[in-house]
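Down below is the structure, laid out as structure tokens.
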Amino acid sequence: MPSSILSLTHANIDDMHRRNKLPVIVGGTNYYIESLLWKVLLDTGEKEEPGDGTDGAPARKEEMEKLGGAELHKQLAEVDPKMAAMLHPNDKRKIARSLLIHKETGVPHSHWLEEQRRQEGGDGLGGPLRYPDPCIFWLHADMEALDKRLDDRVDEMLSAGLIEELRDFHVRCNQHKVQDGSQDYQHGIFQSIGFKEFHDYLTVPESSTQQDKEALRDKGIEALKIATKRYARRQNKWVRNRFLNRPGDNIPAVYGLDVTDVSRWEEMVLNPALQILDSLRKSEEPTVEPIRVQGAKQGNKRSRHTCDLCDKVIIGDLEWAAHLKSKKHHYHVKKRRKSNPDYDLSERVGAPPVSTGVTLPQDFSAAAPGCSEDSKDSETQEQHSTDYL
């Protein structure tokens, strides 16, 4: 969220508090909701946040991303080795962001993140809460019902002229990029769902048959529906990872409200929400229980593992566990066993088993043939904090 909008929103919230009014933040991206509730954006105290659009930072970041991942990662390792150790060489977007932060502030990105997390109430994902005792209402639905609702929404957008709007925008703003080979649908508004899904249809030669054009149009519609449903699942995952499973005690209550059947809106959503707010206003315990998350902590999301057998760098404990179970890894293990029967036995002694579906502890590590890992402790984990910079 741009710092100017964030500052304006905070000013409005503070004004409402002074007037003894209850601020209610509705809708929007979970990204923005979190940046309002927690101190997860960088504040250098001297400059605007890097990438806020006021100083040409987005253009410089885009130029950086045109370089190869290995080159960018090498540059980051020179100025911020801690951050480089937590980012995969292929993750050009986050690497470029970290380089830009160092360039703008003269201070390593990892330093800002460590300072942020050391604040009272901070955690592995960022700084403390901005406001005391907030609560979150999570409107969720059965996935089958949600998928149908999303498909219907796409159909409504098509009926309202989505294809015509896309074609007009393509001619005015995108066609020249496609023609000169500079379009990759990875920057700015072109990242939005809808552009790349209809690329083949919008660029089809005029000489193509009507049947071919309609087939590409239908292909784009199906791709749009799939991407929309995939995005909805990422939003649910975001709520679980950033709100429900947030480390530490600095976590607001999250109340789940079922919107599967919208005909029961008042019964299932409105009335329970009002009852919860009324109880909290009176400093009473709501009759509706917040969502409780059971189970062990998630593994280190920024630990660095190297598999020499597969020639891969893996970031994150869960990803590492998945790699150890992958067909490709087992293929290379069997291949190594054939060439050296004693290799596996000597390397795997004492290695903990990895079972499907297990939630790994923070200090999880596993040995495997030809593999090594470099796990960072919680103070230097970046996790997902760079998603906000």
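Ordering of the structure tokens sets the chain letters (A, B, ...); residue numbers start at 1 within each chain; ligands are numbered from 1 in the order shown.
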
Problem set entry | Picked from stretch 163-357 of chain A by DSSP as alpha helix (DSSP H), as a PyMOL selection string | chain A and resi 163-169+175-179+199-202+210-238+265+271-281+317-324+327-339+341-348

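Our summary of the geometry notes that atom CA of A:Ile95 is positioned 8.2 Å from atom CA of A:Gly69.
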
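Between A:Asp155 and the residues A:His102, A:Glu319, A:Leu224, A:Pro290, the shortest atom-to-atom distance, using only C-alpha atoms, involves A:Leu224.
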
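Near A:Arg153, within a cut-off of 12 Å and counting only C-alpha atoms, sit the residues A:Leu146, A:Asp147, A:Lys148, A:Arg149, A:Met157, A:Leu158, A:Ser159, A:Ala160, A:Leu162, A:Ile221, A:Leu224, A:Lys225, A:Thr228, A:Lys229, with same-chain residues fewer than 4 positions away left out.
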